[in-house]
$ cat structure.tsv   # TSV, C-alpha atoms
chain	number	residue	atom	x	y	z
A	1	MET	CA	19.98	-27.53	-25.22
A	2	GLY	CA	16.28	-26.67	-25.40
A	3	ASP	CA	13.65	-26.75	-22.68
A	4	LEU	CA	13.00	-29.77	-20.49
A	5	ALA	CA	10.02	-31.02	-22.49
A	6	THR	CA	12.04	-30.91	-25.70
A	7	ARG	CA	14.95	-32.75	-24.10
A	8	ASN	CA	12.61	-35.44	-22.80
A	9	ARG	CA	10.91	-35.85	-26.16
A	10	GLU	CA	14.22	-36.15	-28.01
A	11	HIS	CA	15.69	-38.53	-25.45
A	12	PHE	CA	12.74	-40.92	-25.34
A	13	ASP	CA	12.26	-40.81	-29.10
A	14	LYS	CA	15.89	-41.92	-29.38
A	15	HIS	CA	15.70	-44.64	-26.72
A	16	ALA	CA	12.14	-45.95	-27.11
A	17	ILE	CA	13.26	-49.39	-28.28
A	18	ASP	CA	16.18	-49.66	-25.83
A	19	HIS	CA	13.87	-48.60	-23.02
A	20	GLN	CA	11.81	-51.78	-23.33
A	21	ARG	CA	14.90	-53.93	-22.80
A	22	GLU	CA	16.87	-51.89	-20.27
A	23	PHE	CA	13.85	-51.04	-18.11
A	24	ALA	CA	12.19	-54.47	-18.37
A	25	ASP	CA	12.67	-55.27	-14.66
A	26	LEU	CA	11.36	-51.87	-13.62
A	27	ILE	CA	8.37	-52.14	-15.95
A	28	GLN	CA	7.42	-55.58	-14.62
A	29	ALA	CA	7.86	-54.52	-10.98
A	30	THR	CA	5.72	-51.44	-11.58
A	31	ILE	CA	2.98	-53.50	-13.23
A	32	GLU	CA	2.96	-55.77	-10.19
A	33	GLU	CA	2.71	-52.79	-7.82
A	34	PHE	CA	-0.30	-51.34	-9.64
A	35	GLN	CA	-2.07	-54.68	-9.81
A	36	SER	CA	-1.44	-55.58	-6.18
A	37	ARG	CA	-2.66	-52.15	-5.03
A	38	ARG	CA	-5.66	-51.99	-7.35
A	39	PHE	CA	-8.25	-51.80	-4.57
A	40	TRP	CA	-6.09	-49.31	-2.66
A	41	ILE	CA	-6.24	-47.10	-5.74
A	42	SER	CA	-10.02	-47.45	-6.17
A	43	ASN	CA	-12.83	-49.85	-5.34
A	44	LYS	CA	-14.55	-49.17	-8.65
A	45	TRP	CA	-13.35	-51.36	-11.48
A	46	VAL	CA	-15.01	-53.23	-14.29
A	47	GLY	CA	-16.55	-56.38	-12.86
A	48	ALA	CA	-15.58	-55.45	-9.29
A	49	LEU	CA	-17.88	-55.57	-6.30
A	50	ASP	CA	-18.26	-52.20	-4.62
A	51	SER	CA	-20.82	-50.58	-2.38
A	52	GLY	CA	-23.94	-49.45	-4.19
A	53	THR	CA	-23.18	-51.18	-7.48
A	54	GLY	CA	-22.91	-54.88	-6.70
A	55	ASP	CA	-21.38	-56.62	-9.69
A	56	GLN	CA	-22.91	-54.17	-12.18
A	57	GLN	CA	-20.69	-53.21	-15.10
A	58	HIS	CA	-19.83	-49.53	-15.15
A	59	ASP	CA	-17.66	-47.42	-17.40
A	60	ILE	CA	-14.24	-46.78	-15.90
A	61	ARG	CA	-11.86	-44.55	-17.85
A	62	LEU	CA	-8.12	-44.43	-17.17
A	63	LEU	CA	-5.75	-41.65	-18.25
A	64	ASP	CA	-2.12	-42.79	-18.32
A	65	TYR	CA	-0.16	-39.52	-18.52
A	66	ALA	CA	3.49	-39.52	-19.58
A	67	CYS	CA	2.53	-43.06	-20.45
A	68	GLY	CA	5.74	-44.19	-22.12
A	69	SER	CA	5.19	-47.70	-23.40
A	70	GLY	CA	2.07	-48.01	-21.25
A	71	THR	CA	3.19	-49.60	-18.01
A	72	ALA	CA	0.20	-48.41	-15.96
A	73	SER	CA	-2.24	-49.12	-18.78
A	74	ARG	CA	-0.89	-52.63	-19.25
A	75	ALA	CA	-1.32	-53.24	-15.52
A	76	LEU	CA	-4.89	-51.97	-15.33
A	77	ALA	CA	-6.38	-52.20	-18.83
A	78	HIS	CA	-8.32	-55.39	-18.08
A	79	PHE	CA	-10.10	-53.63	-15.21
A	80	VAL	CA	-11.24	-50.48	-17.08
A	81	THR	CA	-13.44	-49.87	-20.08
A	82	GLN	CA	-10.98	-47.48	-21.71
A	83	ALA	CA	-7.29	-46.65	-21.24
A	84	VAL	CA	-5.95	-43.47	-22.84
A	85	GLY	CA	-2.23	-42.74	-22.96
A	86	LEU	CA	-0.62	-39.34	-23.54
A	87	ASP	CA	3.12	-38.82	-23.93
A	88	LEU	CA	5.60	-36.28	-25.30
A	89	SER	CA	7.43	-38.91	-27.34
A	90	GLN	CA	5.85	-40.18	-30.54
A	91	ASN	CA	8.14	-43.22	-30.53
A	92	MET	CA	7.04	-44.15	-27.00
A	93	VAL	CA	3.42	-43.68	-28.10
A	94	GLU	CA	4.08	-46.16	-30.90
A	95	GLN	CA	5.42	-48.66	-28.35
A	96	TYR	CA	2.29	-48.15	-26.23
A	97	ASN	CA	0.01	-48.80	-29.20
A	98	LYS	CA	2.06	-51.84	-30.20
A	99	HIS	CA	1.54	-53.33	-26.73
A	100	ALA	CA	-2.18	-52.52	-26.90
A	101	ARG	CA	-2.49	-54.44	-30.17
A	102	GLU	CA	-0.52	-57.36	-28.73
A	103	MET	CA	-2.95	-57.43	-25.78
A	104	GLY	CA	-5.83	-57.70	-28.25
A	105	PHE	CA	-7.27	-54.23	-27.64
A	106	TYR	CA	-8.75	-52.05	-30.37
A	107	PRO	CA	-7.90	-48.31	-30.29
A	108	ASP	CA	-11.26	-47.41	-28.73
A	109	ARG	CA	-10.29	-49.62	-25.76
A	110	MET	CA	-6.59	-48.76	-25.31
A	111	HIS	CA	-4.74	-46.16	-27.33
A	112	ALA	CA	-2.09	-43.46	-26.90
A	113	ARG	CA	-1.42	-40.14	-28.58
A	114	GLN	CA	1.42	-37.66	-28.52
A	115	TYR	CA	0.31	-34.76	-26.32
A	116	ASP	CA	1.73	-32.34	-23.74
A	117	LEU	CA	-0.78	-30.96	-21.23
A	118	LEU	CA	1.67	-28.23	-20.22
A	119	ALA	CA	2.38	-26.94	-23.73
A	120	GLU	CA	0.88	-23.69	-24.94
A	121	PRO	CA	-1.88	-24.32	-27.51
A	122	ASP	CA	-0.27	-24.47	-30.95
A	123	PRO	CA	-1.82	-26.61	-33.72
A	124	LYS	CA	1.52	-26.59	-35.53
A	125	GLN	CA	3.19	-28.39	-32.62
A	126	GLN	CA	0.52	-30.89	-31.58
A	127	GLN	CA	-2.96	-31.84	-32.68
A	128	PRO	CA	-5.48	-30.29	-30.27
A	129	LEU	CA	-7.64	-32.54	-28.13
A	130	SER	CA	-11.19	-31.56	-27.28
A	131	GLU	CA	-12.38	-30.86	-23.75
A	132	GLN	CA	-14.43	-34.05	-23.96
A	133	GLU	CA	-11.32	-36.09	-24.80
A	134	LEU	CA	-9.45	-34.59	-21.84
A	135	SER	CA	-12.14	-34.91	-19.18
A	136	GLY	CA	-14.37	-37.42	-17.44
A	137	PHE	CA	-11.66	-39.81	-16.31
A	138	ASP	CA	-12.14	-41.94	-13.20
A	139	ILE	CA	-8.42	-42.55	-12.66
A	140	VAL	CA	-5.32	-40.65	-13.72
A	141	VAL	CA	-1.89	-42.25	-13.33
A	142	VAL	CA	1.60	-40.77	-13.66
A	143	SER	CA	4.05	-43.66	-13.45
A	144	ALA	CA	7.78	-42.99	-12.88
A	145	ALA	CA	7.56	-39.73	-14.81
A	146	LEU	CA	6.83	-36.83	-12.45
A	147	HIS	CA	10.56	-36.29	-11.87
A	148	HIS	CA	10.86	-35.50	-15.60
A	149	VAL	CA	8.27	-32.68	-15.41
A	150	ALA	CA	9.39	-29.04	-15.19
A	151	ASP	CA	6.38	-27.93	-13.12
A	152	PRO	CA	4.85	-30.86	-11.19
A	153	GLY	CA	2.35	-28.60	-9.42
A	154	LYS	CA	0.98	-27.23	-12.67
A	155	LEU	CA	0.74	-30.72	-14.12
A	156	LEU	CA	-1.27	-32.04	-11.17
A	157	LYS	CA	-3.67	-29.12	-11.50
A	158	CYS	CA	-4.10	-29.96	-15.19
A	159	LEU	CA	-4.67	-33.62	-14.36
A	160	ALA	CA	-7.26	-32.67	-11.75
A	161	GLN	CA	-9.24	-31.02	-14.54
A	162	CYS	CA	-9.20	-34.34	-16.42
A	163	LEU	CA	-10.91	-36.19	-13.56
A	164	LYS	CA	-14.53	-36.67	-12.66
A	165	ARG	CA	-15.43	-35.35	-9.22
A	166	GLY	CA	-14.28	-38.02	-6.80
A	167	GLY	CA	-11.83	-39.38	-9.37
A	168	VAL	CA	-8.44	-40.63	-8.25
A	169	CYS	CA	-4.96	-39.36	-9.14
A	170	VAL	CA	-2.11	-41.84	-8.63
A	171	VAL	CA	1.60	-41.03	-8.82
A	172	LEU	CA	4.38	-43.60	-8.61
A	173	ASP	CA	7.86	-42.12	-8.47
A	174	LYS	CA	11.22	-41.96	-6.70
A	175	ILE	CA	11.92	-40.96	-3.14
A	176	PRO	CA	14.87	-38.51	-2.98
A	177	ASP	CA	17.47	-41.06	-1.92
A	178	LEU	CA	19.93	-40.65	-4.80
A	179	THR	CA	21.78	-37.40	-5.36
A	180	MET	CA	22.21	-36.23	-8.92
A	181	GLU	CA	25.95	-36.70	-8.40
A	182	SER	CA	25.60	-40.36	-7.38
A	183	LEU	CA	23.16	-41.01	-10.20
A	184	GLY	CA	25.53	-39.35	-12.64
A	185	ALA	CA	28.37	-41.53	-11.42
A	186	ALA	CA	26.29	-44.67	-11.99
A	187	ILE	CA	25.26	-43.83	-15.55
A	188	PRO	CA	27.79	-44.50	-18.33
A	189	PRO	CA	29.04	-41.33	-20.09
A	190	GLU	CA	27.36	-42.26	-23.37
A	191	HIS	CA	23.98	-42.13	-21.59
A	192	ALA	CA	24.67	-38.98	-19.55
A	193	ASP	CA	22.10	-37.06	-21.60
A	194	ALA	CA	19.46	-38.86	-19.53
A	195	LEU	CA	20.37	-36.63	-16.58
A	196	ASN	CA	19.27	-33.61	-18.61
A	197	THR	CA	15.72	-34.99	-18.72
A	198	ILE	CA	15.30	-34.92	-14.93
A	199	SER	CA	13.87	-31.93	-13.09
A	200	LYS	CA	13.97	-33.39	-9.59
A	201	ARG	CA	15.69	-36.34	-7.94
A	202	GLY	CA	12.55	-37.44	-6.13
A	203	PHE	CA	9.70	-36.35	-3.87
A	204	SER	CA	9.07	-36.57	-0.13
A	205	GLU	CA	5.68	-37.32	1.38
A	206	GLU	CA	5.38	-33.68	2.48
A	207	GLU	CA	6.05	-32.46	-1.05
A	208	MET	CA	3.49	-34.85	-2.52
A	209	ARG	CA	0.86	-33.90	0.03
A	210	LYS	CA	1.27	-30.21	-0.82
A	211	LEU	CA	1.16	-30.90	-4.57
A	212	TYR	CA	-2.05	-32.87	-4.14
A	213	GLU	CA	-3.71	-30.39	-1.81
A	214	ASP	CA	-2.81	-27.42	-4.02
A	215	ALA	CA	-4.35	-29.24	-7.00
A	216	GLY	CA	-7.58	-30.02	-5.14
A	217	LEU	CA	-6.67	-33.72	-4.95
A	218	GLY	CA	-6.17	-34.00	-1.20
A	219	ARG	CA	-9.29	-35.99	-0.30
A	220	ASN	CA	-8.40	-39.42	1.16
A	221	PHE	CA	-4.73	-38.73	0.48
A	222	ASP	CA	-2.41	-41.66	1.11
A	223	HIS	CA	1.31	-42.06	0.51
A	224	VAL	CA	3.16	-45.37	0.73
A	225	VAL	CA	6.91	-45.94	0.50
A	226	ILE	CA	7.23	-49.17	-1.47
A	227	ASP	CA	9.02	-51.86	0.51
A	228	ARG	CA	11.19	-53.14	-2.31
A	229	SER	CA	13.73	-51.41	-4.49
A	230	PHE	CA	13.31	-50.92	-8.23
A	231	GLU	CA	16.03	-51.71	-10.73
A	232	PHE	CA	16.85	-50.83	-14.30
A	233	THR	CA	19.85	-51.32	-16.58
A	234	VAL	CA	21.80	-48.72	-18.54
A	235	ALA	CA	24.53	-50.03	-20.85
A	236	GLY	CA	24.87	-53.14	-18.73
A	237	ARG	CA	25.02	-51.29	-15.41
A	238	LYS	CA	22.33	-52.04	-12.82
A	239	ILE	CA	20.88	-49.00	-11.06
A	240	GLN	CA	18.56	-49.29	-8.07
A	241	PHE	CA	16.26	-46.76	-6.46
A	242	ASN	CA	13.46	-46.69	-3.91
A	243	GLY	CA	10.01	-45.47	-4.74
A	244	PHE	CA	6.61	-44.46	-3.44
A	245	ILE	CA	3.03	-44.52	-4.60
A	246	THR	CA	0.56	-41.75	-3.75
A	247	ARG	CA	-3.16	-41.44	-4.27
A	248	GLY	CA	-5.72	-38.71	-3.68
A	249	GLU	CA	-9.21	-37.84	-4.88
A	250	LEU	CA	-10.63	-34.76	-6.55
A	251	THR	CA	-12.70	-32.86	-4.01
$ encode --input "structure.tsv" --output "structure tokens"
Amino acid sequence: MGDLATRNREHFDKHAIDHQREFADLIQATIEEFQSRRFWISNKWVGALDSGTGDQQHDIRLLDYACGSGTASRALAHFVTQAVGLDLSQNMVEQYNKHAREMGFYPDRMHARQYDLLAEPDPKQQQPLSEQELSGFDIVVVSAALHHVADPGKLLKCLAQCLKRGGVCVVLDKIPDLTMESLGAAIPPEHADALNTISKRGFSEEEMRKLYEDAGLGRNFDHVVIDRSFEFTVAGRKIQFNGFITRGELT
């Protein structure tokens, strides 16, 4: 069956096109959440007024990790000087870059690459990225993807290394309200392989606080349970779940 990263890569390579259609409601709702909470995430954005800078333009770099088709980047790209996406799936990366082009952005403004921060260095498996390419970000976002990661704690520590001091890490994901059994019952048999891409059915506030604190991201920690449910479609079946959004700063 392979390891979790391999299963995720194979699954999302296979369903990259379907994902845009079946998860359209979830994608739009997530975009709205990020945009409505922009100043909760950070008060430093391109063109924004913030203490000490007035309306001065300043470089703001966003890392959209496990970016998929670029939901977080599409929500926030107009408010940053550069959005960088990283994802296991090359086909999802291609969807991200397609959306970037459709938004009128050149690659130096919004672009994704296939990359796994948790993989052991191996040039045969993925093209290495330099330390400069993987550092100096003001904001890192993991949107609806942490439950697909084998070691969330290790990932957050890696993401902390990508941030500037004082930079913000944002995670949007599921609260643990659905059991794997109930989720399995809701998904049609022909899509049951999706269950093999999940490492965890969700995260509590206590779990997220510990993950953030252990990664050195606990400054100004905040965790909000989102007051509306999210919905996506699999083979015509509607599936709903409840989510949260968490933020914390690199100390």
$ closest_atom_pairs --input "structure.tsv" --of "range 119-138 of chain A" --to "range 69-92 of chain A" --cutoff "12 Å" --atoms "only C-alpha atoms" --output "Markdown table"
| residue | atom | partner | partner_atom | distance |
| --- | --- | --- | --- | --- |
| A:Ala119 | CA | A:Leu88 | CA | 10.0 |
| A:Gln125 | CA | A:Leu88 | CA | 11.0 |
| A:Gln126 | CA | A:Leu88 | CA | 9.7 |
| A:Leu129 | CA | A:Leu86 | CA | 10.8 |
| A:Glu133 | CA | A:Val84 | CA | 9.3 |
| A:Leu134 | CA | A:Val84 | CA | 9.6 |
| A:Ser135 | CA | A:Val84 | CA | 11.2 |
| A:Gly136 | CA | A:Gln82 | CA | 11.4 |
| A:Phe137 | CA | A:Gln82 | CA | 9.4 |
| A:Asp138 | CA | A:Val80 | CA | 9.4 |
$ atom_distance --input "structure.tsv" --atom1 "CA of Leu62 in chain A" --atom2 "CA of Pro152 in chain A"
19.7 Å
$ closest_residue --input "structure.tsv" --among "A:Gly243, A:Gly216, A:Gly68, A:Gly166" --to "Phe230 in chain A" --atoms "all atoms listed in the file"
A:Gly243
$ atom_distance --input "structure.tsv" --atom1 "CA of Ala16 in chain A" --atom2 "CA of Ala145 in chain A"
14.5 Å
$ closest_residue --input "structure.tsv" --among "A:Arg219, A:Arg113, A:Arg37, A:His19" --to "Arg165 in chain A" --atoms "all atoms listed in the file"
A:Arg219
$ atom_distance --input "structure.tsv" --atom1 "CA of Leu4 in chain A" --atom2 "CA of Leu217 in chain A"
25.4 Å
$ build_atoms --input "structure.tsv" --residues "range 225-244 of chain A" --atoms "N, CA and C atoms" --output "tab-separated table (two decimals), keeping the file's coordinate frame"
chain	number	residue	atom	x	y	z
A	225	VAL	N	5.57	-45.63	0.99
A	225	VAL	CA	6.91	-45.94	0.50
A	225	VAL	C	6.95	-47.43	0.21
A	226	ILE	N	7.26	-47.78	-1.02
A	226	ILE	CA	7.23	-49.17	-1.47
A	226	ILE	C	8.37	-49.94	-0.83
A	227	ASP	N	8.05	-51.14	-0.32
A	227	ASP	CA	9.02	-51.86	0.51
A	227	ASP	C	9.97	-52.75	-0.29
A	228	ARG	N	10.15	-52.47	-1.54
A	228	ARG	CA	11.19	-53.14	-2.31
A	228	ARG	C	11.83	-52.11	-3.23
A	229	SER	N	13.06	-52.35	-3.60
A	229	SER	CA	13.73	-51.41	-4.49
A	229	SER	C	13.41	-51.75	-5.94
A	230	PHE	N	13.50	-50.75	-6.79
A	230	PHE	CA	13.31	-50.92	-8.23
A	230	PHE	C	14.69	-50.93	-8.89
A	231	GLU	N	14.74	-51.57	-10.04
A	231	GLU	CA	16.03	-51.71	-10.73
A	231	GLU	C	15.85	-51.55	-12.23
A	232	PHE	N	16.81	-50.88	-12.85
A	232	PHE	CA	16.85	-50.83	-14.30
A	232	PHE	C	18.31	-50.92	-14.74
A	233	THR	N	18.51	-51.11	-16.03
A	233	THR	CA	19.85	-51.32	-16.58
A	233	THR	C	20.16	-50.25	-17.60
A	234	VAL	N	21.34	-49.67	-17.53
A	234	VAL	CA	21.80	-48.72	-18.54
A	234	VAL	C	23.18	-49.19	-19.00
A	235	ALA	N	23.27	-49.56	-20.27
A	235	ALA	CA	24.53	-50.03	-20.85
A	235	ALA	C	25.19	-51.11	-20.00
A	236	GLY	N	24.36	-52.03	-19.51
A	236	GLY	CA	24.87	-53.14	-18.73
A	236	GLY	C	25.05	-52.87	-17.25
A	237	ARG	N	24.87	-51.63	-16.82
A	237	ARG	CA	25.02	-51.29	-15.41
A	237	ARG	C	23.66	-51.28	-14.72
A	238	LYS	N	23.56	-51.99	-13.60
A	238	LYS	CA	22.33	-52.04	-12.82
A	238	LYS	C	22.25	-50.82	-11.91
A	239	ILE	N	21.11	-50.17	-11.92
A	239	ILE	CA	20.88	-49.00	-11.06
A	239	ILE	C	19.62	-49.26	-10.26
A	240	GLN	N	19.69	-49.07	-8.95
A	240	GLN	CA	18.56	-49.29	-8.07
A	240	GLN	C	18.09	-47.98	-7.46
A	241	PHE	N	16.80	-47.91	-7.19
A	241	PHE	CA	16.26	-46.76	-6.46
A	241	PHE	C	15.04	-47.22	-5.68
A	242	ASN	N	14.65	-46.42	-4.71
A	242	ASN	CA	13.46	-46.69	-3.91
A	242	ASN	C	12.34	-45.75	-4.34
A	243	GLY	N	11.13	-46.24	-4.23
A	243	GLY	CA	10.01	-45.47	-4.74
A	243	GLY	C	8.84	-45.38	-3.78
A	244	PHE	N	7.84	-44.63	-4.20
A	244	PHE	CA	6.61	-44.46	-3.44
A	244	PHE	C	5.44	-44.50	-4.40
